[in-house]
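Shown below: input19.cif, with mmCIF, C-alpha atoms.
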data_entry
#
loop_
_atom_site.label_atom_id
_atom_site.label_comp_id
_atom_site.auth_asym_id
_atom_site.auth_seq_id
_atom_site.Cartn_x
_atom_site.Cartn_y
_atom_site.Cartn_z
CA MET A 26 20.58 -8.79 38.86
CA LEU A 27 20.76 -5.81 36.52
CA VAL A 28 22.69 -6.28 33.27
CA LYS A 29 23.19 -4.21 30.14
CA ASP A 30 20.99 -5.66 27.43
CA LEU A 31 20.99 -4.24 23.89
CA LEU A 32 18.16 -5.43 21.64
CA THR A 33 18.57 -6.02 17.91
CA GLN A 34 15.39 -6.44 15.90
CA LYS A 35 15.32 -7.40 12.22
CA SER A 36 12.29 -7.84 10.00
CA SER A 37 11.32 -8.33 6.37
CA PHE A 38 7.92 -7.93 4.81
CA ALA A 39 6.20 -8.72 1.52
CA SER A 40 2.63 -7.95 0.50
CA GLY A 41 0.37 -7.84 -2.51
CA SER A 42 -3.22 -7.05 -3.40
CA TYR A 43 -5.45 -7.58 -6.41
CA LEU A 44 -8.67 -5.79 -7.39
CA LEU A 45 -11.49 -8.15 -8.38
CA GLY A 46 -13.94 -6.02 -10.31
CA ASN A 47 -14.95 -2.63 -8.96
CA ARG A 48 -15.64 -3.57 -5.33
CA TRP A 49 -13.72 -6.67 -4.23
CA THR A 50 -10.07 -6.71 -3.16
CA ILE A 51 -7.97 -9.74 -2.27
CA SER A 52 -4.71 -9.29 -0.33
CA ALA A 53 -1.93 -11.37 1.19
CA ASP A 54 1.24 -10.63 3.10
CA VAL A 55 4.01 -12.37 5.01
CA LYS A 56 6.40 -11.04 7.65
CA TRP A 57 9.54 -12.44 9.25
CA SER A 58 10.92 -10.85 12.42
CA SER A 59 13.72 -11.72 14.83
CA THR A 60 14.80 -10.27 18.17
CA THR A 61 18.21 -10.91 19.76
CA HIS A 62 19.51 -9.84 23.19
CA GLY A 63 23.03 -8.60 23.84
CA ALA A 64 23.15 -9.87 27.42
CA GLU A 65 24.10 -13.56 27.64
CA LEU A 66 21.62 -14.04 30.46
CA ARG A 67 18.74 -12.99 28.19
CA GLN A 68 19.73 -14.83 25.02
CA VAL A 69 17.33 -17.68 25.83
CA ASP A 70 14.65 -15.08 24.91
CA ASP A 71 15.96 -14.62 21.34
CA SER A 72 13.02 -15.21 19.03
CA ASN A 73 12.01 -15.75 15.41
CA ILE A 74 8.40 -15.13 14.37
CA ARG A 75 6.83 -15.73 10.96
CA THR A 76 3.36 -14.34 10.21
CA GLN A 77 1.13 -14.93 7.17
CA LYS A 78 -2.11 -13.06 6.49
CA PHE A 79 -4.84 -13.39 3.88
CA GLY A 80 -7.76 -10.99 3.45
CA LEU A 81 -10.82 -9.98 1.48
CA GLY A 82 -12.28 -6.47 1.25
CA PHE A 83 -15.53 -5.13 -0.18
CA SER A 84 -16.29 -1.48 -0.97
CA LEU A 85 -19.81 -0.48 0.10
CA SER A 86 -19.43 3.13 -1.04
CA PRO A 87 -16.65 5.71 -1.57
CA SER A 88 -16.63 6.29 2.21
CA ALA A 89 -17.32 2.79 3.57
CA SER A 90 -15.78 -0.68 3.24
CA VAL A 91 -15.88 -4.01 5.08
CA GLY A 92 -13.61 -7.03 5.07
CA TRP A 93 -12.18 -10.11 6.71
CA ASN A 94 -8.60 -11.18 7.51
CA TYR A 95 -7.14 -14.51 8.59
CA ARG A 96 -3.71 -14.49 10.25
CA HIS A 97 -1.43 -17.35 11.28
CA ALA A 98 1.90 -17.07 13.10
CA ASN A 99 4.65 -19.43 14.29
CA ALA A 100 7.12 -18.37 16.99
CA ASN A 101 10.36 -20.07 18.03
CA PHE A 102 12.50 -19.11 21.01
CA ALA A 103 16.18 -19.90 21.48
CA GLY A 104 15.82 -21.70 24.81
CA ASP A 105 13.37 -23.19 27.26
CA GLN A 106 12.69 -21.34 30.48
CA GLN A 107 13.54 -22.97 33.80
CA GLN A 108 10.47 -23.44 35.98
CA VAL A 109 11.15 -24.21 39.63
CA ALA A 110 10.19 -27.82 40.55
CA ALA A 111 8.71 -28.42 37.09
CA GLY A 112 11.64 -28.69 34.71
CA GLN A 113 11.72 -26.82 31.41
CA PHE A 114 8.95 -24.76 29.80
CA ASN A 115 8.91 -24.66 25.98
CA ARG A 116 7.62 -21.26 24.81
CA ASN A 117 7.32 -22.03 21.09
CA TYR A 118 3.75 -21.46 19.89
CA ASP A 119 1.44 -21.17 16.91
CA GLU A 120 -1.33 -18.61 16.69
CA SER A 121 -4.33 -18.03 14.43
CA ALA A 122 -6.82 -15.15 14.31
CA SER A 123 -9.94 -14.43 12.26
CA VAL A 124 -10.90 -10.75 12.17
CA PHE A 125 -13.73 -8.77 10.56
CA TRP A 126 -13.27 -5.03 9.98
CA LEU A 127 -15.26 -1.94 9.03
CA LYS A 128 -14.07 1.48 7.81
CA TYR A 129 -16.69 4.22 7.64
CA GLY A 130 -16.53 7.94 6.99
CA LEU A 131 -19.00 9.86 9.16
CA GLY A 132 -19.13 13.00 7.06
CA SER A 133 -16.13 14.97 5.90
CA LYS A 134 -14.54 15.44 9.35
CA THR A 135 -14.96 12.10 11.14
CA ASP A 136 -13.66 8.60 10.38
CA PHE A 137 -14.62 5.43 12.26
CA ASN A 138 -12.62 2.17 12.14
CA LEU A 139 -13.79 -1.03 13.84
CA GLU A 140 -12.35 -4.53 13.90
CA GLY A 141 -13.20 -7.58 15.96
CA GLY A 142 -12.58 -11.30 15.89
CA TYR A 143 -11.33 -14.39 17.67
CA LEU A 144 -7.73 -15.36 18.46
CA ARG A 145 -6.30 -18.73 19.44
CA ARG A 146 -2.79 -19.26 20.86
CA ASN A 147 -1.46 -22.81 21.31
CA TYR A 148 1.72 -23.99 23.05
CA PRO A 149 1.96 -27.57 21.73
CA ASN A 150 4.86 -28.55 24.02
CA ALA A 151 3.66 -26.91 27.24
CA ALA A 152 0.79 -27.47 29.65
CA ILE A 153 0.09 -23.79 30.32
CA GLY A 154 0.10 -20.55 28.38
CA ASN A 155 -2.65 -21.45 25.89
CA TYR A 156 -5.19 -18.74 25.19
CA SER A 157 -8.36 -18.26 23.16
CA GLY A 158 -10.72 -15.30 23.20
CA GLY A 159 -12.13 -12.28 21.45
CA THR A 160 -10.07 -9.31 20.30
CA GLY A 161 -11.09 -5.93 18.96
CA ARG A 162 -10.21 -2.30 18.34
CA ALA A 163 -12.32 0.79 17.66
CA THR A 164 -10.96 4.20 16.65
CA LEU A 165 -12.84 7.45 16.14
CA ALA A 166 -10.82 10.19 14.39
CA TRP A 167 -12.26 13.72 14.34
CA HIS A 168 -10.76 16.53 12.23
CA PRO A 169 -12.53 19.72 13.34
CA GLY A 170 -10.10 21.93 11.43
CA ALA A 171 -7.10 21.84 9.14
CA LYS A 172 -4.71 22.12 12.11
CA THR A 173 -6.45 19.99 14.76
CA GLU A 174 -7.28 16.31 15.22
CA LEU A 175 -8.71 14.17 18.02
CA ASP A 176 -8.34 10.36 18.15
CA ILE A 177 -10.24 8.17 20.62
CA THR A 178 -9.29 4.47 20.71
CA GLY A 179 -10.40 1.43 22.70
CA TRP A 180 -8.95 -2.08 22.35
CA ARG A 181 -8.61 -5.64 23.59
CA ASP A 182 -5.68 -7.68 22.26
CA LEU A 183 -2.98 -10.23 23.10
CA THR A 184 0.44 -8.58 23.07
CA ALA A 185 3.89 -8.35 24.69
CA TYR A 186 6.68 -5.84 25.22
CA ILE A 187 9.53 -5.89 22.70
CA ASP A 188 12.15 -6.81 25.32
CA ALA A 189 10.09 -9.75 26.68
CA GLU A 190 8.30 -11.17 23.65
CA SER A 191 7.52 -14.52 25.29
CA ASN A 192 5.67 -12.88 28.21
CA TYR A 193 2.26 -12.24 26.64
CA PHE A 194 -0.69 -10.53 28.26
CA VAL A 195 -4.28 -9.58 27.40
CA SER A 196 -4.32 -5.81 27.00
CA THR A 197 -7.62 -3.96 27.50
CA GLY A 198 -7.48 -0.18 27.38
CA ALA A 199 -8.48 3.21 26.06
CA ARG A 200 -6.59 6.20 24.71
CA ILE A 201 -7.47 9.79 23.86
CA ALA A 202 -5.02 11.84 21.81
CA PRO A 203 -5.55 15.43 20.60
CA MET A 204 -3.11 16.99 18.13
CA TRP A 205 -2.53 20.60 17.11
CA VAL A 206 -0.35 21.93 14.27
CA PRO A 207 -0.08 25.70 14.91
CA THR A 208 2.36 26.30 12.05
CA GLU A 209 3.96 24.33 9.22
CA ARG A 210 7.07 23.79 11.36
CA ILE A 211 5.52 23.08 14.77
CA THR A 212 3.47 20.02 15.74
CA THR A 213 2.14 19.33 19.24
CA SER A 214 0.22 16.36 20.64
CA LEU A 215 -1.05 15.00 23.94
CA ALA A 216 -2.04 11.41 24.77
CA ALA A 217 -3.68 10.01 27.89
CA SER A 218 -4.19 6.25 28.24
CA TRP A 219 -5.40 3.57 30.65
CA GLU A 220 -4.53 -0.11 30.22
CA SER A 221 -5.27 -3.33 32.08
CA GLN A 222 -2.72 -6.13 31.53
CA LYS A 223 -3.61 -9.75 32.41
CA TYR A 224 -0.66 -12.07 31.82
CA ILE A 225 -1.50 -15.54 30.50
CA GLY A 226 1.38 -17.43 32.12
CA SER A 227 3.46 -17.92 28.97
CA GLU A 228 6.61 -17.12 30.96
CA PRO A 229 6.08 -18.79 34.36
CA THR A 230 8.23 -18.11 37.41
CA VAL A 231 7.83 -19.67 40.85
CA LEU A 232 5.04 -22.24 41.11
CA GLY A 233 2.09 -21.00 43.14
CA ASP A 234 2.74 -17.32 42.36
CA PRO A 235 -0.46 -15.76 41.01
CA PHE A 236 -0.54 -14.76 37.39
CA ARG A 237 0.54 -11.17 37.01
CA ARG A 238 -2.11 -8.42 36.82
CA ASP A 239 -1.03 -4.83 36.08
CA THR A 240 -2.74 -1.50 35.52
CA VAL A 241 -0.87 1.20 33.60
CA ARG A 242 -1.91 4.86 33.45
CA SER A 243 0.09 7.37 31.43
CA ILE A 244 0.02 10.85 29.97
CA GLN A 245 2.47 12.01 27.32
CA ALA A 246 3.11 15.35 25.62
CA ASN A 247 5.11 15.73 22.40
CA ALA A 248 6.34 18.78 20.53
CA THR A 249 8.26 18.87 17.24
CA TYR A 250 9.93 21.95 15.81
CA GLN A 251 11.63 22.08 12.42
CA PRO A 252 13.46 25.43 12.17
CA ARG A 253 15.01 24.41 8.85
CA ASP A 254 14.35 21.52 6.46
CA PRO A 255 17.36 19.35 7.48
CA LEU A 256 16.99 20.04 11.24
CA GLN A 257 14.25 18.77 13.56
CA LEU A 258 13.95 19.14 17.36
CA ASN A 259 11.75 16.77 19.39
CA LEU A 260 10.64 17.09 23.01
CA THR A 261 8.75 14.33 24.87
CA LEU A 262 7.45 14.49 28.44
CA ARG A 263 5.84 11.35 29.89
CA ARG A 264 4.40 10.37 33.27
CA GLU A 265 3.55 6.70 33.87
CA ARG A 266 2.11 4.94 36.91
CA ARG A 267 2.02 1.13 37.11
CA GLY A 268 0.14 -0.87 39.70
CA SER A 269 0.56 -4.67 39.99
CA ASN A 270 -0.41 -7.64 42.15
CA ARG A 271 3.36 -8.19 42.42
CA SER A 272 4.56 -5.34 44.61
CA SER A 273 8.09 -5.39 43.16
CA LEU A 274 6.68 -4.34 39.78
CA THR A 275 4.78 -1.28 41.02
CA TYR A 276 6.43 2.02 40.10
CA ALA A 277 6.01 5.67 39.17
CA ASP A 278 8.08 6.99 36.28
CA ASP A 279 8.66 10.51 34.92
CA LEU A 280 10.54 10.79 31.64
CA ALA A 281 11.85 13.70 29.57
CA ILE A 282 13.51 13.22 26.16
CA LEU A 283 15.08 15.89 23.97
CA GLY A 284 16.07 14.75 20.51
CA ILE A 285 17.85 16.40 17.58
CA ARG A 286 17.53 15.00 14.07
CA LEU A 287 19.64 16.15 11.15
CA THR A 288 18.85 14.82 7.66
CA PHE A 289 21.36 14.98 4.82
#
What is this structure when it is put down as structure tokens?
Amino acid sequence: MLVKDLLTQKSSFASGSYLLGNRWTISADVKWSSTTHGAELRQVDDSNIRTQKFGLGFSLSPSASVGWNYRHANANFAGDQQQVAAGQFNRNYDESASVFWLKYGLGSKTDFNLEGGYLRRNYPNAAIGNYSGGTGRATLAWHPGAKTELDITGWRDLTAYIDAESNYFVSTGARIAPMWVPTERITTSLAASWESQKYIGSEPTVLGDPFRRDTVRSIQANATYQPRDPLQLNLTLRRERRGSNRSSLTYADDLAILGIRLTF
């Protein structure tokens, strides 16, 4: 059944860092976020998530630094999900992740960022949905000229869509995104991506149904034009193709968005 569902997301964030000598940096931050659904049918998915992070960084040189972060999160959802023939499924969880990172400047035109670590997700009141495994992200940013940029990114992470935050999946993918700024008032960009999504069963449906496996391919073009300082025009064209082991979730989507922004 299709229903109108308006999402409201609120968040607050606090962070701080302290320089220990000339090379060491210690940092900490905390974030609170909540998501609520307008449709009564979806209000069992309303969530509150609190995340704390602590980190250390060390400067190797003016163009290179390394560090480590530890992150812990607690998530609470408004209601259990009904699972056919198995009663209720409690989706509240706690999560911890330990991540090492590297930032390195390869000359004056290229930057390389790398991070990798281990993540553990635990559902203390449920028999399924737990996950543990490696995560990582690598980004190469090339600036061949003052008006051009090329970003190449690869990743593996545990994530979810904003409108279904309890339905987590392991995302493995790659993205290439060139950008060109022909004038001070015109910016253009293009992004092509491929992503594999393996759902971990944190939002189960009918017993015996295989865990969901999707593949998403997309290409998106963006153009921004600012004829005058208060006025900005945005054009987005996107083509997305999703394949899935659940035939009802397979689709092809073409999207065009024209936006006007006026700042006072």
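Against this structure, the PyMOL selection byres ((chain A and resi 91) around 7) ends up with Gly82, Phe83, Ser84, Ser90, Gly92, Trp126, Leu127 and Lys128 of chain A.
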**Message:** Could you check the closest approach to Ala185 of chain A for each of A:Val206, A:Ile225, A:Ala151, A:Ser59 and tell me which residue wins, using all atoms listed in the file?
**Reply:** A:Ile225
**Message:** Excluding Ala277 of chain A and its own-chain neighbours fewer than 5 positions away, which residues fall within 12 Å of it when counting only C-alpha atoms? Please give them as JSON, numbers by chain.
**Reply:** {"A": [240, 241, 242, 243, 263, 264, 265, 266, 267, 268, 269]}
Taking the file as I've supplied it (selection: the PyMOL selection byres ((chain A and resi 130) around 10)), which residues are included? Please answer as a short mmCIF file (atom, residue, chain, number, x, y, z; two decimals) with C-alpha atoms, in the coordinates of the input.
data_model
loop_
_atom_site.label_atom_id
_atom_site.label_comp_id
_atom_site.auth_asym_id
_atom_site.auth_seq_id
_atom_site.Cartn_x
_atom_site.Cartn_y
_atom_site.Cartn_z
CA SER A 86 -19.43 3.13 -1.04
CA PRO A 87 -16.65 5.71 -1.57
CA SER A 88 -16.63 6.29 2.21
CA ALA A 89 -17.32 2.79 3.57
CA SER A 90 -15.78 -0.68 3.24
CA LYS A 128 -14.07 1.48 7.81
CA TYR A 129 -16.69 4.22 7.64
CA LEU A 131 -19.00 9.86 9.16
CA GLY A 132 -19.13 13.00 7.06
CA SER A 133 -16.13 14.97 5.90
CA LYS A 134 -14.54 15.44 9.35
CA THR A 135 -14.96 12.10 11.14
CA ASP A 136 -13.66 8.60 10.38
CA PHE A 137 -14.62 5.43 12.26
CA ASN A 138 -12.62 2.17 12.14
CA LEU A 165 -12.84 7.45 16.14
CA ALA A 166 -10.82 10.19 14.39
#
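Remark: for Thr288 of chain A, the closest of the candidate residues A:Ser273, A:Phe102, A:Glu190, A:Pro255 is A:Pro255 (distances computed over all atoms listed in the file).
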Counting only C-alpha atoms, give me one row per residue of segment 61-128 of chain A with an atom at most 12 Å from an atom of segment 38-41 of chain A, showing the shortest contact pair and its distance in Å to one decimal, sorted by chain then residue number, as a tab-separated table.
residue	atom	partner	partner_atom	distance
A:Ile74	CA	A:Phe38	CA	12.0
A:Arg75	CA	A:Phe38	CA	10.0
A:Thr76	CA	A:Phe38	CA	9.5
A:Gln77	CA	A:Ser40	CA	9.8
A:Lys78	CA	A:Ser40	CA	9.2
A:Phe79	CA	A:Ser40	CA	9.8
A:Gly80	CA	A:Gly41	CA	10.6
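Against this structure, the PyMOL selection byres ((chain A and resi 215) around 7) ends up with Ala202, Pro203, Met204, Ser214, Ala216, Ala217, Gln245, Ala246 and Asn247 of chain A.
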**Shell of 12 Å around Arg96 of chain A, all atoms listed in the file, local chain residues under 3 positions omitted, as a list in words** = Ser52, Ala53, Asp54, Val55, Lys56, Arg75, Thr76, Gln77, Lys78, Phe79, Gly80, Trp93, Asn99, Asp119, Glu120, Ser121, Ala122, Ser123, Val124, Phe125, Gly142, Tyr143, Leu144, Arg145 and Arg146 of chain A
**Item:** Leu287 of chain A surroundings by all atoms listed in the file, 12 Å radius, close-in-sequence under 4 positions cut, as a PyMOL selection string
**Value:** chain A and resi 251-259
**Among the residues A:Asn155, A:Thr164, A:Thr275, A:Thr213, the one that comes closest to Leu262 of chain A [using only C-alpha atoms]** = A:Thr213
**Asked** How many Å separate atom CA of Ala100 of chain A from atom CA of Lys223 of chain A?
**Response** 20.7 Å
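Nearest residue to His62 of chain A, choosing from A:Leu31, A:Thr50, A:Ser227, A:Leu81 and counting all atoms listed in the file: A:Leu31.
Take the candidates A:Thr160, A:Asn47, A:Thr33, A:Asn192 and check each one against Leu85 of chain A using all atoms listed in the file; the shortest distance goes to A:Asn47.
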**Request:** Have a look at atom CA of Gly179 of chain A and atom CA of Gly198 of chain A and let me know their distance in Å, one decimal.
**Result:** 5.7 Å
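Put simply, atom CA of Asn101 of chain A is 7.4 Å away from atom CA of Arg116 of chain A.
Of the listed residues (A:Gln68, A:Gly104, A:Ile244, A:Thr249), A:Ile244 comes nearest to Leu280 of chain A; the distances count all atoms listed in the file.
Residues in contact with Ile153 of chain A at up to 10 Å, not including ones fewer than 4 positions away on its chain and judged by all atoms listed in the file, are Phe114, Asn115, Arg116, Asn147, Tyr148, Pro149, Ile225, Gly226, Ser227, Glu228 and Pro229 of chain A.
The neighbours of Asp71 of chain A here are the residues that come within 6 Å of it, using all atoms listed in the file and leaving out any residue fewer than 4 positions away in the same chain; they are Thr60, Thr61, Phe102 and Ala103 of chain A.
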